[in-house]
Amino acid sequence: MDTFINSIDNLIWSRALVALCLGAGLYFSIRTRFMQVRGLAEMIRLMRDGRKSDAGVSAFQALTMSLSGRVGTGNIAGVATAIAFGGPGAVFWMWMVAFLGASTAYVESTLAQIYKERDDQGQYRGGPAYYIEKAMGQRWYAWLFAGATVLATGFLLPGVQANSIATSMQTAWGLTPMVTAIAISLALAFIIFGGVRRIAQFAEFVVPFMAAAYVLVALLIMFMNIGRLPGMIALIFGSAFGAKAAFGAVLGLAVEWGVKRGIYSNEAGQGTGPHPAAAAEVSHPAKQGYVQAFSVYVDTLLVCSATAFMILSTGMYNVVNPAGGTLVEQLPGVEAGPGFAQHAVESVLPGYGAGFVAIALLFFAFTTIVAYYYMAETNIAYLNRGGHRPWTILVLRIGIVAAVVYGCVRSASVAWALGDIGVGLMAWLNVIAILILQKPALLALKDYEAQKKAGKDPQFDPDALGITHAELWRERAAHQTRP
């Protein structure tokens with residue numbers, strides 16, 4: 001079974017998908033005139049928008065819901081595996097996919113806002129399945145994406161997060177995986193049975209705190225190793241472009257693993273970010289597009305970089321030689337994963353490293369599992385349109401709790417392979433879709449910038465831009481123009 005799972009993973013994550021994700025990010029960067037650079041100040045300003053309604057959450061809540069999905073085990077264990085199999089140069093390619101992916105995140109999240117709708121509870125719902133059906137008119141494609149997302153976020157991806165929590169807890173305090181599994185599953189059930197608003201409130205409270213604490217500790221470790229910083233930066237760039245002969249054997253893998261783990265972490269193009277983006281109450285779709293672009297920066301340029309700097313500045317890592325053996329072995333017997341970060345912090349703060357990273361990973365991964373549930377629930381809501389099937393939500397809730405238990409007790413390699421399959425399936429379907437459907441998002445950006453230049457608070461009117469099938473926005477615009 002393990003061999004079969006790995007063969008499926010390798011098939012989906014071929015170099016074609018790596019090229020597609022990087023190419024799409026570069027293309028959208030050019031088409032948006034590098035809005036991820038020009039619009040940085042606007043991203044920060046919009047992030048503070050506290051407007052919300054009975055139907056939608058605030059822009060900041062949508063950001064934290066998105067970050068709770070983006071900031072997870074990929075920011076700790078994912079960075080470690082990228083370094084282990086791609087060398088230090090993989091970190092550079094994680095940065096590159098984040099920089100280019102910010103424009104991809106803008107496009108997919110703006111599309112989700114344009115084509116969002118209200119569910120039978122009156123709350124906003126949206127995401128790739130919604131914009132594929134409405135803008136492309138291909139319902140079969142929308143159903144395919146929705147089904148793939150329910151499978152990925154409801155059953156395949158939660159196990160990766162749970163496995164990393166269980167591994168770190170066992171390393172730090174000797175807790176057995178089953179004890180961890182029971183505790184996580186009970187906490188998860190309490191949150192997900194509380195609905196979307198409880199998820200938003202939970203994310204709004206936990207995500208900023210956990211990310212800030214983690215980055216602060218990373219900065220402390222960097223300060224204590226400040227003399228190694230120039231050499232570490234040179235190592236990352238040199239390994240990324242073949243200047244470091246020691247890592248020549250993994251030069252091609254640096255790109256592959258950097259992109260693979262970068263997308264796993266920041267999710268730009270994967271199609272997960274648009275789900276919480278659609279839930280935001282904003283006056284113009286581009287507003288949430290800007291905010292979601294910024295979330296990619298927070299995830300990779302801050303949190304992933306914090307992990308990479310801790311590991312590389314302390315030298316606490318191994319690099320696998322694809323031909324057999326190891327190129328670097330500073331941690332004999334330690335498997336690629338949270339152990340790298342735990343040993344890195346432990347080397348500077350003895351007695352605290354394993355526990356601190358375990359707690360950080362608990363918060364990171366648990367909030368990601370909660371976000372996965374929200375995304376799966378949104379796609380079940382899409383599949384249930386036109387029919388009320390409450391049992392499907394119950395099956396999802398039971399299934400995701402079971403996936404958490406299974407992930408805790410399975411090996412890390414199997415859990416990561418299953419997670420990669422889920423990410424890859426969604427990325428293939430979503431990136432192709434947004435390349436086809438990009439025009440409304442680009443029109444929205446041009447319209448937003450024009451209204452800002454005229455000194456207005458941008459308001460969205462789809463008819464004025466020739467955008468069809470945006471019924472919710474058309475009703476809103478008509479209501480605003482009535483005397």
# chains A, B, ... in the order shown; residues from 1 in each chain; ligands from 1
call {"tool": "residues_around", "arguments": {"residues": "Leu349 in chain A", "least_positions_apart": "3", "cutoff": "12 Å", "atoms": "only C-alpha atoms", "output": "ChimeraX atom specification"}}
result
/A:217-218,220-221,224,310,314,341-346,352-357
call {"tool": "write_last_selection", "arguments": {"atoms": "C-alpha atoms", "output": "mmCIF file, in the first residue's frame"}}
result
data_model
loop_
_atom_site.group_PDB
_atom_site.id
_atom_site.type_symbol
_atom_site.label_atom_id
_atom_site.label_comp_id
_atom_site.auth_asym_id
_atom_site.auth_seq_id
_atom_site.Cartn_x
_atom_site.Cartn_y
_atom_site.Cartn_z
ATOM 1 C CA VAL A 217 11.563 33.005 19.279
ATOM 2 C CA ALA A 218 13.085 32.602 15.806
ATOM 3 C CA LEU A 220 15.853 35.483 19.385
ATOM 4 C CA ILE A 221 17.700 32.448 18.023
ATOM 5 C CA MET A 224 22.052 34.659 19.397
ATOM 6 C CA MET A 310 16.393 28.398 13.150
ATOM 7 C CA THR A 314 22.150 26.200 14.263
ATOM 8 C CA ALA A 341 13.244 22.540 14.624
ATOM 9 C CA GLN A 342 13.067 20.994 18.086
ATOM 10 C CA HIS A 343 16.810 20.262 18.102
ATOM 11 C CA ALA A 344 17.516 23.750 16.692
ATOM 12 C CA VAL A 345 15.700 25.527 19.535
ATOM 13 C CA GLU A 346 17.064 23.051 22.083
ATOM 14 C CA TYR A 352 12.832 24.425 26.228
ATOM 15 C CA GLY A 353 13.262 23.574 22.546
ATOM 16 C CA ALA A 354 11.307 20.343 22.217
ATOM 17 C CA GLY A 355 8.396 21.634 24.303
ATOM 18 C CA PHE A 356 8.178 25.035 22.629
ATOM 19 C CA VAL A 357 8.127 23.613 19.109
#
call {"tool": "select_by_dssp", "arguments": {"residues": "range 167-363 of chain A", "states": "alpha helix (DSSP H)", "output": "VMD selection string"}}
result
chain A and resid 167 to 173 177 to 192 196 to 224 229 to 240 251 to 266 274 to 278 285 to 296 305 to 314 338 to 348 353 to 363
call {"tool": "residues_around", "arguments": {"residues": "range 432-440 of chain A", "least_positions_apart": "2", "cutoff": "10 Å", "atoms": "only C-alpha atoms", "output": "PDB file with C-alpha atoms, in the first residue's frame"}}
result
ATOM      1  CA  LEU A  20       2.509  25.029 -13.924  1.00  0.00           C
ATOM      2  CA  CYS A  21       2.477  26.610 -10.454  1.00  0.00           C
ATOM      3  CA  ALA A  24       1.035  30.708 -13.397  1.00  0.00           C
ATOM      4  CA  TYR A  27       2.062  35.126 -15.558  1.00  0.00           C
ATOM      5  CA  PHE A  28      -0.338  36.599 -12.988  1.00  0.00           C
ATOM      6  CA  ARG A  31      -0.799  40.637 -15.764  1.00  0.00           C
ATOM      7  CA  THR A 104      -2.098  33.834  -7.817  1.00  0.00           C
ATOM      8  CA  VAL A 107      -6.715  36.131  -8.586  1.00  0.00           C
ATOM      9  CA  GLU A 108      -8.309  33.061  -6.989  1.00  0.00           C
ATOM     10  CA  THR A 110     -11.034  37.825  -5.961  1.00  0.00           C
ATOM     11  CA  LEU A 111     -12.824  35.318  -8.188  1.00  0.00           C
ATOM     12  CA  ILE A 114     -17.099  37.920  -7.273  1.00  0.00           C
ATOM     13  CA  TYR A 115     -19.008  34.649  -7.569  1.00  0.00           C
ATOM     14  CA  PRO A 128     -13.310  27.359  -6.880  1.00  0.00           C
ATOM     15  CA  ALA A 129     -16.345  25.117  -7.362  1.00  0.00           C
ATOM     16  CA  TYR A 131     -16.546  30.266  -9.797  1.00  0.00           C
ATOM     17  CA  ILE A 132     -15.874  27.302 -12.078  1.00  0.00           C
ATOM     18  CA  ALA A 135     -17.856  31.785 -14.850  1.00  0.00           C
ATOM     19  CA  MET A 136     -16.835  28.747 -16.900  1.00  0.00           C
ATOM     20  CA  TYR A 141     -15.610  20.453 -13.602  1.00  0.00           C
ATOM     21  CA  ALA A 142     -16.991  22.254 -10.553  1.00  0.00           C
ATOM     22  CA  PHE A 145     -13.112  20.091  -7.869  1.00  0.00           C
ATOM     23  CA  GLY A 269      -3.124  28.292  -6.323  1.00  0.00           C
ATOM     24  CA  GLY A 271      -7.763  26.502  -4.152  1.00  0.00           C
ATOM     25  CA  ALA A 427      -3.685  22.474  -7.492  1.00  0.00           C
ATOM     26  CA  TRP A 428      -4.007  20.855 -10.921  1.00  0.00           C
ATOM     27  CA  LEU A 429      -7.745  21.550 -11.079  1.00  0.00           C
ATOM     28  CA  ASN A 430      -7.665  25.070  -9.623  1.00  0.00           C
ATOM     29  CA  LEU A 442      -8.089  41.513 -13.546  1.00  0.00           C
ATOM     30  CA  LEU A 443     -11.055  43.771 -14.365  1.00  0.00           C
ATOM     31  CA  ALA A 444     -11.819  44.031 -10.638  1.00  0.00           C
ATOM     32  CA  LEU A 445      -8.217  45.082  -9.904  1.00  0.00           C
ATOM     33  CA  LYS A 446      -8.287  47.773 -12.594  1.00  0.00           C
ATOM     34  CA  PRO A 462     -20.389  43.761 -12.020  1.00  0.00           C
ATOM     35  CA  LEU A 465     -17.537  45.861 -15.911  1.00  0.00           C
ATOM     36  CA  GLY A 466     -19.420  43.413 -18.114  1.00  0.00           C
ATOM     37  CA  ILE A 467     -19.127  40.594 -15.548  1.00  0.00           C
ATOM     38  CA  THR A 468     -22.050  38.170 -15.636  1.00  0.00           C
TER      39      THR A 468
END
call {"tool": "closest_atom_pairs", "arguments": {"of": "range 305-377 of chain A", "to": "range 410-416 of chain A", "cutoff": "12 Å", "atoms": "only C-alpha atoms", "output": "tab-separated table"}}
result
residue	atom	partner	partner_atom	distance
A:Glu335	CA	A:Ala412	CA	9.0
A:Ala336	CA	A:Ala412	CA	9.2
A:Gly337	CA	A:Ala412	CA	8.5
A:Pro338	CA	A:Ala412	CA	10.7
call {"tool": "closest_residue", "arguments": {"among": "A:Tyr373, A:Tyr130, A:Phe294, A:Phe366", "to": "Ile398 in chain A", "atoms": "only C-alpha atoms"}}
result
A:Tyr373
call {"tool": "closest_residue", "arguments": {"among": "A:Phe309, A:Arg389, A:Gly87, A:Ala450", "to": "Arg228 in chain A", "atoms": "only C-alpha atoms"}}
result
A:Phe309
call {"tool": "closest_residue", "arguments": {"among": "A:Val348, A:Leu361, A:Val18, A:Ala286", "to": "Gly78 in chain A", "atoms": "only C-alpha atoms"}}
result
A:Leu361
call {"tool": "closest_residue", "arguments": {"among": "A:Glu133, A:Asp447, A:Glu471, A:Glu256", "to": "Leu17 in chain A", "atoms": "only C-alpha atoms"}}
result
A:Glu256
call {"tool": "closest_residue", "arguments": {"among": "A:Ser313, A:Thr149, A:Ile83, A:Ala417", "to": "Val328 in chain A", "atoms": "only C-alpha atoms"}}
result
A:Ile83
call {"tool": "residues_around", "arguments": {"residues": "Val319 in chain A", "least_positions_apart": "5", "cutoff": "10 Å", "atoms": "only C-alpha atoms", "output": "tab-separated table (two decimals) with N, CA and C atoms, in the first residue's frame"}}
result
chain	number	residue	atom	x	y	z
A	80	ALA	N	11.41	21.55	7.10
A	80	ALA	CA	12.44	20.57	7.41
A	80	ALA	C	12.58	19.53	6.30
A	81	THR	N	11.46	19.03	5.79
A	81	THR	CA	11.53	18.02	4.72
A	81	THR	C	12.06	18.63	3.43
A	82	ALA	N	11.73	19.91	3.16
A	82	ALA	CA	12.27	20.58	1.98
A	82	ALA	C	13.79	20.65	2.05
A	83	ILE	N	14.33	21.01	3.23
A	83	ILE	CA	15.78	21.08	3.42
A	83	ILE	C	16.40	19.68	3.34
A	84	ALA	N	15.72	18.69	3.93
A	84	ALA	CA	16.27	17.34	3.97
A	84	ALA	C	16.39	16.72	2.58
A	85	PHE	N	15.44	16.99	1.70
A	85	PHE	CA	15.44	16.35	0.39
A	85	PHE	C	15.86	17.28	-0.75
A	86	GLY	N	15.86	18.60	-0.51
A	86	GLY	CA	16.26	19.55	-1.55
A	86	GLY	C	17.45	20.40	-1.17
A	87	GLY	N	17.96	20.22	0.06
A	87	GLY	CA	19.08	21.02	0.51
A	87	GLY	C	18.64	22.42	0.93
A	88	PRO	N	19.56	23.22	1.48
A	88	PRO	CA	19.21	24.58	1.90
A	88	PRO	C	18.66	25.44	0.77
A	247	PHE	N	26.09	20.45	-2.44
A	247	PHE	CA	24.67	20.14	-2.66
A	247	PHE	C	24.34	19.98	-4.14
A	250	VAL	N	21.58	17.49	-5.22
A	250	VAL	CA	20.16	17.79	-5.01
A	250	VAL	C	19.76	19.12	-5.65
A	325	GLY	N	22.52	7.25	0.98
A	325	GLY	CA	23.30	7.86	2.06
A	325	GLY	C	22.87	9.29	2.33
A	326	THR	N	23.77	10.07	2.89
A	326	THR	CA	23.46	11.46	3.23
A	326	THR	C	24.56	12.39	2.75
A	327	LEU	N	24.19	13.63	2.43
A	327	LEU	CA	25.15	14.67	2.09
A	327	LEU	C	25.56	15.44	3.35
A	328	VAL	N	24.59	15.63	4.24
A	328	VAL	CA	24.83	16.28	5.53
A	328	VAL	C	24.11	15.46	6.59
A	329	GLU	N	24.77	15.17	7.69
A	329	GLU	CA	24.13	14.41	8.76
A	329	GLU	C	24.54	14.99	10.11
A	330	GLN	N	23.85	16.04	10.52
A	330	GLN	CA	24.09	16.67	11.81
A	330	GLN	C	23.24	16.07	12.91
A	331	LEU	N	22.16	15.35	12.50
A	331	LEU	CA	21.24	14.76	13.47
A	331	LEU	C	21.04	13.28	13.15
A	336	ALA	N	13.35	13.57	9.04
A	336	ALA	CA	12.98	14.93	8.60
A	336	ALA	C	11.58	15.26	9.10
call {"tool": "residues_around", "arguments": {"residues": "range 6-8 of chain A", "least_positions_apart": "4", "cutoff": "12 Å", "atoms": "only C-alpha atoms", "output": "PyMOL selection string"}}
result
chain A and resi 1-2+12-14+413-422+424-425
call {"tool": "write_last_selection", "arguments": {"atoms": "C-alpha atoms", "output": "JSON list (two decimals), in the first residue's frame"}}
result
[["chain", "number", "residue", "atom", "x", "y", "z"],
["A", 1, "MET", "CA", 0.00, 0.00, 0.00],
["A", 2, "ASP", "CA", 2.83, 2.42, 0.87],
["A", 12, "ILE", "CA", 0.59, 13.90, -9.48],
["A", 13, "TRP", "CA", 3.64, 15.88, -8.32],
["A", 14, "SER", "CA", 5.55, 15.57, -11.58],
["A", 413, "SER", "CA", 5.99, 9.16, 5.23],
["A", 414, "VAL", "CA", 2.53, 7.72, 4.53],
["A", 415, "ALA", "CA", 0.78, 10.74, 6.06],
["A", 416, "TRP", "CA", 2.83, 13.20, 3.97],
["A", 417, "ALA", "CA", 2.29, 11.20, 0.77],
["A", 418, "LEU", "CA", -1.48, 11.22, 1.29],
["A", 419, "GLY", "CA", -1.38, 14.95, 2.01],
["A", 420, "ASP", "CA", 0.68, 15.65, -1.11],
["A", 421, "ILE", "CA", -1.84, 13.75, -3.22],
["A", 422, "GLY", "CA", -4.63, 15.95, -1.86],
["A", 424, "GLY", "CA", -1.67, 18.11, -5.96],
["A", 425, "LEU", "CA", -5.19, 17.15, -7.06]]
call {"tool": "residues_around", "arguments": {"residues": "range 205-214 of chain A", "least_positions_apart": "6", "cutoff": "9 Å", "atoms": "only C-alpha atoms", "output": "VMD selection string"}}
result
chain A and resid 64 to 65 67 to 68 71 298 to 299 302 to 303 306 to 307 356 to 357 360 363 to 364 367
call {"tool": "atom_distance", "arguments": {"atom1": "CA of Gln36 in chain A", "atom2": "CA of Pro274 in chain A"}}
result
16.9 Å
call {"tool": "residues_around", "arguments": {"residues": "Ser265 in chain A", "least_positions_apart": "2", "cutoff": "8 Å", "atoms": "only C-alpha atoms", "output": "PyMOL selection string"}}
result
chain A and resi 70-75+78+261-263+267+299-300
call {"tool": "write_last_selection", "arguments": {"atoms": "N, CA and C atoms", "output": "PDB file, in the first residue's frame"}}
result
ATOM      1  N   ARG A  70      -3.286  28.090   6.046  1.00  0.00           N
ATOM      2  CA  ARG A  70      -1.951  28.184   5.457  1.00  0.00           C
ATOM      3  C   ARG A  70      -0.853  27.866   6.467  1.00  0.00           C
ATOM      4  N   VAL A  71      -0.978  28.423   7.682  1.00  0.00           N
ATOM      5  CA  VAL A  71       0.065  28.240   8.693  1.00  0.00           C
ATOM      6  C   VAL A  71      -0.210  26.943   9.444  1.00  0.00           C
ATOM      7  N   GLY A  72       0.551  25.922   9.121  1.00  0.00           N
ATOM      8  CA  GLY A  72       0.339  24.622   9.739  1.00  0.00           C
ATOM      9  C   GLY A  72       1.643  23.855   9.838  1.00  0.00           C
ATOM     10  N   THR A  73       1.547  22.536   9.761  1.00  0.00           N
ATOM     11  CA  THR A  73       2.742  21.714   9.893  1.00  0.00           C
ATOM     12  C   THR A  73       3.727  21.965   8.759  1.00  0.00           C
ATOM     13  N   GLY A  74       3.218  22.475   7.628  1.00  0.00           N
ATOM     14  CA  GLY A  74       4.117  22.795   6.525  1.00  0.00           C
ATOM     15  C   GLY A  74       5.132  23.858   6.885  1.00  0.00           C
ATOM     16  N   ASN A  75       4.800  24.697   7.857  1.00  0.00           N
ATOM     17  CA  ASN A  75       5.706  25.767   8.262  1.00  0.00           C
ATOM     18  C   ASN A  75       6.830  25.279   9.169  1.00  0.00           C
ATOM     19  N   GLY A  78       7.237  20.840   7.185  1.00  0.00           N
ATOM     20  CA  GLY A  78       7.373  20.987   5.739  1.00  0.00           C
ATOM     21  C   GLY A  78       8.681  21.635   5.339  1.00  0.00           C
ATOM     22  N   ARG A 261       6.831  22.036  -1.242  1.00  0.00           N
ATOM     23  CA  ARG A 261       6.549  22.374   0.145  1.00  0.00           C
ATOM     24  C   ARG A 261       6.085  23.825   0.296  1.00  0.00           C
ATOM     25  N   GLY A 262       6.507  24.697  -0.632  1.00  0.00           N
ATOM     26  CA  GLY A 262       6.023  26.075  -0.597  1.00  0.00           C
ATOM     27  C   GLY A 262       4.532  26.148  -0.842  1.00  0.00           C
ATOM     28  N   ILE A 263       4.064  25.414  -1.844  1.00  0.00           N
ATOM     29  CA  ILE A 263       2.627  25.405  -2.150  1.00  0.00           C
ATOM     30  C   ILE A 263       1.853  24.697  -1.033  1.00  0.00           C
ATOM     31  N   GLU A 267      -0.253  27.547   0.109  1.00  0.00           N
ATOM     32  CA  GLU A 267      -1.491  27.154  -0.568  1.00  0.00           C
ATOM     33  C   GLU A 267      -1.890  28.059  -1.734  1.00  0.00           C
ATOM     34  N   ASP A 299       2.669  33.721   5.734  1.00  0.00           N
ATOM     35  CA  ASP A 299       2.927  32.293   5.866  1.00  0.00           C
ATOM     36  C   ASP A 299       4.376  31.945   5.557  1.00  0.00           C
ATOM     37  N   THR A 300       4.845  32.351   4.376  1.00  0.00           N
ATOM     38  CA  THR A 300       6.150  31.874   3.909  1.00  0.00           C
ATOM     39  C   THR A 300       7.301  32.798   4.284  1.00  0.00           C
TER      40      THR A 300
END
call {"tool": "select_by_dssp", "arguments": {"residues": "range 53-184 of chain A", "states": "strand (DSSP E or B)", "output": "number ranges by chain"}}
result
A: 57, 117-118, 124-125
call {"tool": "write_last_selection", "arguments": {"atoms": "N, CA and C atoms", "output": "PDB file, in the first residue's frame"}}
result
ATOM      1  N   VAL A  57     -18.068  37.359   7.534  1.00  0.00           N
ATOM      2  CA  VAL A  57     -17.113  37.719   8.575  1.00  0.00           C
ATOM      3  C   VAL A  57     -16.316  38.934   8.121  1.00  0.00           C
ATOM      4  N   GLU A 117     -22.052  33.355  -3.016  1.00  0.00           N
ATOM      5  CA  GLU A 117     -23.506  33.373  -2.854  1.00  0.00           C
ATOM      6  C   GLU A 117     -23.850  33.088  -1.402  1.00  0.00           C
ATOM      7  N   ARG A 118     -25.137  33.202  -1.078  1.00  0.00           N
ATOM      8  CA  ARG A 118     -25.587  32.882   0.274  1.00  0.00           C
ATOM      9  C   ARG A 118     -26.109  31.450   0.310  1.00  0.00           C
ATOM     10  N   TYR A 124     -22.365  33.666   3.603  1.00  0.00           N
ATOM     11  CA  TYR A 124     -21.641  33.649   2.338  1.00  0.00           C
ATOM     12  C   TYR A 124     -20.888  32.335   2.173  1.00  0.00           C
ATOM     13  N   ARG A 125     -20.954  31.812   0.964  1.00  0.00           N
ATOM     14  CA  ARG A 125     -20.186  30.642   0.577  1.00  0.00           C
ATOM     15  C   ARG A 125     -19.571  30.913  -0.791  1.00  0.00           C
TER      16      ARG A 125
END
call {"tool": "closest_residue", "arguments": {"among": "A:Ala478, A:Phe155, A:Val255, A:Thr368", "to": "Gly242 in chain A", "atoms": "only C-alpha atoms"}}
result
A:Val255
call {"tool": "atom_distance", "arguments": {"atom1": "CA of Gly333 in chain A", "atom2": "CA of Ile182 in chain A"}}
result
28.0 Å
